[in-house]
Every structure is written in C-alpha cells, then in structure tokens.
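Report on one structure; see the data block that follows.
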Amino acid sequence: DGAWIYQSGVTKADLEDLVRNAYVELRALIEQHEALRAYFAGLDRDPVLSSGAARLDLDENDRAAMIDPLRRHGARIYDRTFIRGDRGLREGMRLVEQYAAPGGRPPRIVFRVSDIYVPWQFLYPHKTGAIDVERFWGFRYELGTRQLVDAAQATLLTRMDKPTADQTLFAAYRSDSADDVAARANLFARHVDELLPRDLDVADSRNEFLERLTHEGYKLRLIIAYGHATSGTVVGSSPGGEPILTGDAGGPRFAFAKTEYLEPGDIDDYTPPPDDGLLLAGQPVVLFNACETGGGGLRPMNNNGFVGALTRAGARAVIVTETPVWNNFAYHFGQHVFDGLVQGLSVSAALRNARLRHLREWNNPLGLIYTLYGNPAARIE
C-alpha cells in the first residue's frame, strides 16, 4: 500500500522507562517547585477566573525549570525512537521535519500502536542548543494515536469522523462545602450548556454517570469530565526534602466526591461483548479533564486505564492528561478545546489550537500535558 517500514530498535520496555522517567520529573516539578506552586496556588484563588489568569509570568530561571524537563525527555524519546534506528528511518524523519503542508496547514500525524502509551506531543528533535518551544510536536502538528485496545473491536471503534448522535454528557465533581474544583465544574458546565443547541445532561455521581452511559450511550456525541483524578501515584518527601513517589493500591480513578470514585473497570463492567454492539454507540469524543487521566504514573500505562475502557466502550477520540494539572489552567484549557470543537474543528485541531493559544497569549506551554488518543479527524459538528 506504499507504506515505508523501518526498524527503530526501541523496545516497549525502553519506551515505558522513558515515559516513566518523564512522569517522575514532571510530577516532582509540579508538586515541589516552590515558584510554580506559589504561582498556581494564587491562580486557584482567582475569583474572576479570567483567561488571562492562566498566564505564566515567571522569571527566566523558573520558566527554564519547566521547559527544560519537557525538552530533555521529549528529545530522549525522539532520539531512541527515530534517530537510533536504521538510516532510512532517520532520513524519513528529516523529511518529516522539513515538510510544509500547502496553505500553511499543520500536517496531521497519526501513531498506530497496540499496548504502548507515549505522550508523543513531548517529542522534540534536538537534545542541545537553544529551545524553540514551538518545535515541540504538540505545537507543530495535529497529533493522534490510534490505540489498539481490543483486537475484536479495533477496526470499528475510531472509524467515524462525524457523529450521528447529538447529546452531551458532563461529569462533574461535587462538594458539600466550599470547593474550588466543584465551583469550576459548575462554571465549566454552564459555559458548555450556553453553546449547545440542546440542554446539557450533567452527572455528578458515579452511579448516575454509568446509568447515562448505559441508557443513553447511543445519543452521546461528546462527554466532558472535570474534577479530581489520580493515576494512583502518591508524592511524599525524604528526610532530606527530596520528593518520593509511591503507588497506592487504588490505581487510576476519577472522583465525583471525596469518597466516591469511578474506575476504568466500572466502564468495562458495563461494556457488552463486541458482537453485541457498543456501550457508547454514538461514538462520542471524550475530554477527560482532570489530573493524570491518561498517565500511568509509576505504573506503565496500559489498556486497563481510562483510555482503554472508553475506547472499548466506543469513544472515537479521548483527550486525557499525563500529569497533575492546576485547577484554573484545566478549567480554561478545557473550555478552549470545547470551543474549538463547537466551531467545527477536528479534535486534533481543537487541541493544538488550545495549546498554541495558551502558549502565545499567556506564555503557558502546559497544553503539552494533554494527549489525544483515537481518531484525530473526529468532530462533534
């Protein structure tokens, strides 16, 4: 079929180790870097919630402390995957880096993989020299990963570009007390509702969410979740103050309340066998906007996480996060991705545009934390 096939030499274990190392450093940076913690703590108390509040007004050293790890790990993944392979692969990557699409449209690059989860948007072609932030692949290209999560359903799940369904479901964190995330969930849901042609359906409990998937999955074109989540990785400190990351027994989960969680296995429990149709027969786009909904943390990411469960259920495309994200940033970034989808953009274009907007207008590169799995051409309009 005209495909070029090359041997990269990188193994699954190699990539899992590279991704885990990137996660450990980025998680420690987000949790422990004093200037960033102080800065984002101030944003989370912002009563106005203006988009400009997502601006990163950091000095040169603090900004470098955030950009350098992204470049270092992105360059390592790039080097091991593409440069250490055979000569044809290196030549092919040179052509990719030099390619300019007609009309200035960014090329769309799709990775087809089975059980390897990599934040390809981190890719950066140079290990040394001055950093040009817009050379990260997440800013340069429209990226997507066609993830093979179930051999029986592989050819079906992400085929459609445009939906046949017309409803949107919003999964919201709730709280009985004053809670910043719950307040933002309500504001986010209100923004979504204002831009939709029909009323938004909101689920604020695990059982209600699963009931909506079971009885209305054929109607859903879009699912948005906003709240607290975790990969099951816990950050502690050594006696010397160095960050220590450990895993808990719970694994990945999304919180509807402080003691009420949705696990990927809960979605799988409701997903019928392939021959009996799809749980999400409307094949929605999913924005799972909470901490670490796509990252494996200290565990290698596998098909048992939210990406695998949602894809098996029928989602055409799933946007998730690789690390913790600050409340205010996730609130505005998620809105900008949604706005692009409502305007008719593909999910890969909406995600890239949101990344570039936060980078160029507010000096904020953290849109690279968001990863797209599934069909990059998927649209909701």
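Naming scheme: A, B, ... for chains in displayed order of the structure tokens; residues 1 onward per chain; ligands 1 onward as shown.
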Counting only C-alpha atoms, which residues of range 167-281 of chain A fall within 7 Å of range 300-323 of chain A, and what is the closest atom pair for each with its distance in Å at one decimal, ordered by chain and rising number, as a Markdown table?
```
| residue | atom | partner | partner_atom | distance |
| --- | --- | --- | --- | --- |
| A:Pro252 | CA | A:Gly305 | CA | 6.7 |
| A:Pro264 | CA | A:Phe306 | CA | 5.0 |
| A:Ile267 | CA | A:Ala309 | CA | 6.1 |
| A:Asp268 | CA | A:Ala309 | CA | 5.7 |
| A:Thr271 | CA | A:Ala313 | CA | 5.6 |
| A:Leu278 | CA | A:Gly314 | CA | 5.7 |
| A:Leu279 | CA | A:Ala313 | CA | 5.1 |
| A:Leu280 | CA | A:Gly314 | CA | 4.8 |
| A:Ala281 | CA | A:Gly314 | CA | 6.2 |
```
Contact residues around Leu287 in chain A with only C-alpha atoms at 12 Å, ignoring same-chain residues under 5 positions, as a PyMOL selection string = chain A and resi 168-171+221-227+293-294+306-307+310+315-321+330-331+333-338+341+347-348+350-351+370-374
Near range 181-185 of chain A, within 7 Å and counting only C-alpha atoms, which residues show up once chain neighbours fewer than 2 positions away are dropped, as a ChimeraX atom specification?
-> /A:172-175,179,187-189,226-227,327,331
Serialized selection, N, CA and C atoms, as a short mmCIF file (atom, residue, chain, number, x, y, z; two decimals), in the first residue's frame:
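File produced: out_9.cif:
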```
data_model
loop_
_atom_site.label_atom_id
_atom_site.label_comp_id
_atom_site.auth_asym_id
_atom_site.auth_seq_id
_atom_site.Cartn_x
_atom_site.Cartn_y
_atom_site.Cartn_z
N ALA A 172 -19.33 15.87 36.56
CA ALA A 172 -18.86 16.97 37.40
C ALA A 172 -18.53 16.51 38.81
N TYR A 173 -17.41 17.00 39.32
CA TYR A 173 -17.08 16.82 40.74
C TYR A 173 -18.02 17.67 41.58
N ARG A 174 -18.49 17.11 42.69
CA ARG A 174 -19.39 17.85 43.56
C ARG A 174 -18.79 17.91 44.97
N SER A 175 -19.26 18.87 45.75
CA SER A 175 -18.77 19.01 47.12
C SER A 175 -19.86 19.67 47.95
N ASP A 179 -15.66 24.54 47.65
CA ASP A 179 -14.59 23.78 46.98
C ASP A 179 -14.31 24.41 45.63
N LEU A 187 -19.15 26.13 36.70
CA LEU A 187 -18.95 27.19 35.71
C LEU A 187 -18.64 26.61 34.33
N PHE A 188 -17.83 25.56 34.30
CA PHE A 188 -17.49 24.90 33.04
C PHE A 188 -18.76 24.33 32.40
N ALA A 189 -19.57 23.64 33.21
CA ALA A 189 -20.81 23.07 32.67
C ALA A 189 -21.73 24.16 32.14
N TYR A 226 -14.83 16.95 34.41
CA TYR A 226 -13.96 17.92 35.07
C TYR A 226 -14.02 17.68 36.57
N GLY A 227 -12.86 17.51 37.17
CA GLY A 227 -12.82 17.26 38.61
C GLY A 227 -11.46 16.78 39.05
N ASN A 327 -6.05 23.59 38.77
CA ASN A 327 -7.48 23.76 38.56
C ASN A 327 -7.82 24.84 37.55
N TYR A 331 -9.42 24.36 33.81
CA TYR A 331 -10.72 24.98 33.57
C TYR A 331 -10.71 25.76 32.25
#
```
DSSP-assigned helix (DSSP H, G or I) members of range 75-220 of chain A, reported as JSON, numbers by chain | {"A": [75, 76, 77, 78, 79, 80, 81, 82, 83, 87, 88, 89, 90, 91, 92, 93, 94, 95, 96, 97, 98, 102, 103, 104, 120, 121, 122, 133, 134, 135, 137, 138, 139, 140, 180, 181, 182, 183, 184, 185, 186, 187, 188, 189, 190, 191, 192, 193, 194, 195, 206, 207, 208, 209, 210, 211, 212, 213, 214, 215, 216, 217, 218, 219]}
Residue with the minimum atom-to-atom distance to Lys127 in chain A, picked from A:Leu345, A:Ala64, A:Leu366, A:Leu70 with only C-alpha atoms counted, is A:Leu70
Write out as a ChimeraX atom specification the residues lying within 12 Å of Asp132 in chain A, counting only C-alpha atoms and excluding same-chain residues fewer than 2 positions away.
-> /A:64,67-68,70-71,124-130,134-137,139-140,359,365
Restricting the output to N, CA, C and O atoms, write the selected residues as a compact mmCIF listing (two decimals), in the first residue's frame.
```txt
# COMPACT_ATOMS: atom_id res chain seq x y z
N ALA A 64 12.58 28.25 32.65
CA ALA A 64 13.50 27.21 32.17
C ALA A 64 13.34 25.93 32.97
O ALA A 64 13.45 24.82 32.42
N ILE A 67 10.42 24.27 31.21
CA ILE A 67 10.61 23.89 29.81
C ILE A 67 11.71 22.85 29.65
O ILE A 67 11.58 21.92 28.85
N ASP A 68 12.79 22.97 30.39
CA ASP A 68 13.94 22.07 30.21
C ASP A 68 13.59 20.60 30.38
O ASP A 68 14.00 19.76 29.56
N LEU A 70 10.71 19.13 29.86
CA LEU A 70 9.92 18.73 28.71
C LEU A 70 10.81 18.49 27.49
O LEU A 70 10.65 17.49 26.78
N ARG A 71 11.75 19.40 27.26
CA ARG A 71 12.66 19.21 26.11
C ARG A 71 13.56 18.01 26.32
O ARG A 71 13.77 17.21 25.40
N TYR A 124 10.71 16.26 20.70
CA TYR A 124 11.49 17.45 20.35
C TYR A 124 12.75 16.96 19.63
O TYR A 124 13.43 16.05 20.12
N PRO A 125 13.08 17.54 18.47
CA PRO A 125 14.11 16.95 17.62
C PRO A 125 15.55 17.23 18.02
O PRO A 125 16.46 16.66 17.40
N HIS A 126 15.81 18.08 19.00
CA HIS A 126 17.20 18.44 19.32
C HIS A 126 17.46 18.30 20.81
O HIS A 126 16.70 18.83 21.63
N LYS A 127 18.56 17.62 21.15
CA LYS A 127 18.91 17.42 22.56
C LYS A 127 19.66 18.59 23.16
O LYS A 127 19.70 18.75 24.38
N THR A 128 20.28 19.40 22.31
CA THR A 128 21.10 20.51 22.80
C THR A 128 20.72 21.79 22.07
O THR A 128 19.96 21.77 21.11
N GLY A 129 21.29 22.90 22.51
CA GLY A 129 21.05 24.17 21.87
C GLY A 129 19.88 24.92 22.48
O GLY A 129 19.19 24.42 23.39
N ALA A 130 19.65 26.12 21.98
CA ALA A 130 18.55 26.93 22.48
C ALA A 130 17.21 26.25 22.17
O ALA A 130 17.05 25.59 21.14
N GLU A 134 8.00 26.16 20.15
CA GLU A 134 7.03 25.75 19.14
C GLU A 134 7.53 24.61 18.25
O GLU A 134 6.82 24.17 17.35
N ARG A 135 8.75 24.10 18.53
CA ARG A 135 9.22 22.92 17.82
C ARG A 135 8.82 21.62 18.51
O ARG A 135 9.02 20.53 17.97
N PHE A 136 8.24 21.71 19.72
CA PHE A 136 7.63 20.52 20.28
C PHE A 136 6.53 20.05 19.33
O PHE A 136 5.77 20.86 18.78
N TRP A 137 6.43 18.76 19.13
CA TRP A 137 5.48 18.24 18.15
C TRP A 137 4.04 18.61 18.50
O TRP A 137 3.20 18.73 17.62
N PHE A 139 2.93 21.35 19.45
CA PHE A 139 2.63 22.68 18.92
C PHE A 139 2.74 22.72 17.39
O PHE A 139 2.09 23.53 16.74
N ARG A 140 3.55 21.86 16.81
CA ARG A 140 3.80 21.89 15.37
C ARG A 140 2.76 21.13 14.56
O ARG A 140 2.42 21.52 13.44
N LEU A 359 0.07 29.14 24.84
CA LEU A 359 1.50 29.44 24.72
C LEU A 359 1.72 30.88 24.25
O LEU A 359 2.52 31.62 24.85
N PRO A 365 3.10 26.79 28.36
CA PRO A 365 3.28 25.62 27.50
C PRO A 365 2.62 24.35 28.01
O PRO A 365 2.80 23.28 27.44
```
Using only C-alpha atoms, find the one residue out of A:Gly251, A:Phe82, A:Leu148, A:Thr259 that sits nearest to Arg94 in chain A.
-> A:Phe82
May I have the residues within 9 Å of Val19 in chain A as a PyMOL selection string, using only C-alpha atoms and disregarding those fewer than 4 positions away in the same chain?
-> chain A and resi 14-15+23-24+73+77+117-119+300
Go ahead and save the picked residues with C-alpha atoms, as a CSV table (one decimal), in the first residue's frame.
```
chain,number,residue,atom,x,y,z
A,14,ASP,CA,12.6,1.2,26.6
A,15,LEU,CA,9.6,3.4,25.9
A,23,TYR,CA,6.5,11.5,34.5
A,24,VAL,CA,8.6,11.3,37.7
A,73,HIS,CA,12.5,13.9,27.9
A,77,ILE,CA,12.0,9.7,23.3
A,117,TYR,CA,1.3,4.7,25.6
A,118,VAL,CA,3.6,7.6,24.9
A,119,PRO,CA,2.9,11.3,25.1
A,300,PRO,CA,3.4,1.7,32.9
```
Report the residues of range 83-299 of chain A whose backbone DSSP state falls under strand (DSSP E or B), written as a VMD selection string.
-> chain A and resid 108 to 113 142 to 147 167 to 172 201 to 203 220 to 226 228 to 230 233 to 237 243 to 247 253 to 257 260 to 262 285 to 289
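Closest approach to Arg84 in chain A among A:Leu58, A:Val10, A:Ala65, A:Leu356 is made by A:Val10 (distances from only C-alpha atoms).
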Pick out the residues sitting within 10 Å of Asp166 in chain A, and hand them over as a PyMOL selection string; count only C-alpha atoms, and ignore anything fewer than 3 positions along from it in its own chain.
-> chain A and resi 163+196-198+218-222+282+284+380-381
Could you write those residues out with N, CA and C atoms, as a PDB file, in the first residue's frame?
```
ATOM      1  N   PRO A 163     -20.210  12.644  13.972  1.00  0.00           N
ATOM      2  CA  PRO A 163     -21.137  11.876  14.805  1.00  0.00           C
ATOM      3  C   PRO A 163     -22.518  11.753  14.176  1.00  0.00           C
ATOM      4  N   LEU A 196     -24.430  24.978  23.429  1.00  0.00           N
ATOM      5  CA  LEU A 196     -25.029  23.805  22.811  1.00  0.00           C
ATOM      6  C   LEU A 196     -26.448  24.104  22.323  1.00  0.00           C
ATOM      7  N   PRO A 197     -26.872  23.445  21.247  1.00  0.00           N
ATOM      8  CA  PRO A 197     -28.224  23.680  20.725  1.00  0.00           C
ATOM      9  C   PRO A 197     -29.313  23.034  21.567  1.00  0.00           C
ATOM     10  N   ARG A 198     -28.945  22.102  22.455  1.00  0.00           N
ATOM     11  CA  ARG A 198     -29.935  21.473  23.320  1.00  0.00           C
ATOM     12  C   ARG A 198     -29.373  21.367  24.726  1.00  0.00           C
ATOM     13  N   TYR A 218     -26.054   5.694  23.073  1.00  0.00           N
ATOM     14  CA  TYR A 218     -26.274   5.813  21.628  1.00  0.00           C
ATOM     15  C   TYR A 218     -26.588   7.249  21.217  1.00  0.00           C
ATOM     16  N   LYS A 219     -26.899   8.125  22.188  1.00  0.00           N
ATOM     17  CA  LYS A 219     -27.234   9.512  21.899  1.00  0.00           C
ATOM     18  C   LYS A 219     -26.040  10.457  22.030  1.00  0.00           C
ATOM     19  N   LEU A 220     -24.956   9.996  22.631  1.00  0.00           N
ATOM     20  CA  LEU A 220     -23.882  10.900  23.039  1.00  0.00           C
ATOM     21  C   LEU A 220     -22.882  11.161  21.919  1.00  0.00           C
ATOM     22  N   ARG A 221     -22.645  12.432  21.635  1.00  0.00           N
ATOM     23  CA  ARG A 221     -21.602  12.828  20.686  1.00  0.00           C
ATOM     24  C   ARG A 221     -20.378  13.370  21.410  1.00  0.00           C
ATOM     25  N   LEU A 222     -20.560  13.804  22.680  1.00  0.00           N
ATOM     26  CA  LEU A 222     -19.476  14.413  23.442  1.00  0.00           C
ATOM     27  C   LEU A 222     -19.666  14.109  24.924  1.00  0.00           C
ATOM     28  N   GLY A 282     -23.075   6.022  20.150  1.00  0.00           N
ATOM     29  CA  GLY A 282     -22.954   7.309  19.477  1.00  0.00           C
ATOM     30  C   GLY A 282     -21.526   7.670  19.146  1.00  0.00           C
ATOM     31  N   PRO A 284     -18.825   8.920  20.950  1.00  0.00           N
ATOM     32  CA  PRO A 284     -18.520  10.313  21.294  1.00  0.00           C
ATOM     33  C   PRO A 284     -17.037  10.628  21.333  1.00  0.00           C
ATOM     34  N   ILE A 380     -17.418  16.960  16.425  1.00  0.00           N
ATOM     35  CA  ILE A 380     -18.745  16.860  17.027  1.00  0.00           C
ATOM     36  C   ILE A 380     -19.775  17.622  16.216  1.00  0.00           C
ATOM     37  N   GLU A 381     -19.333  18.399  15.232  1.00  0.00           N
ATOM     38  CA  GLU A 381     -20.236  19.161  14.376  1.00  0.00           C
ATOM     39  C   GLU A 381     -20.087  18.692  12.928  1.00  0.00           C
TER      40      GLU A 381
END
```
Show me a table, sorted first by chain and then by increasing residue number, of the residues of range 260-317 of chain A having an atom at most 8 Å from range 204-212 of chain A, each with its shortest atom pair and the distance in Å to one decimal, counting only C-alpha atoms and written as a Markdown table.
```
| residue | atom | partner | partner_atom | distance |
| --- | --- | --- | --- | --- |
| A:Glu260 | CA | A:Arg206 | CA | 7.0 |
| A:Tyr261 | CA | A:Arg206 | CA | 6.6 |
| A:Leu262 | CA | A:Arg206 | CA | 5.7 |
| A:Asp266 | CA | A:Leu210 | CA | 8.0 |
| A:Ile267 | CA | A:Leu210 | CA | 7.2 |
| A:Tyr270 | CA | A:Leu210 | CA | 7.8 |
```
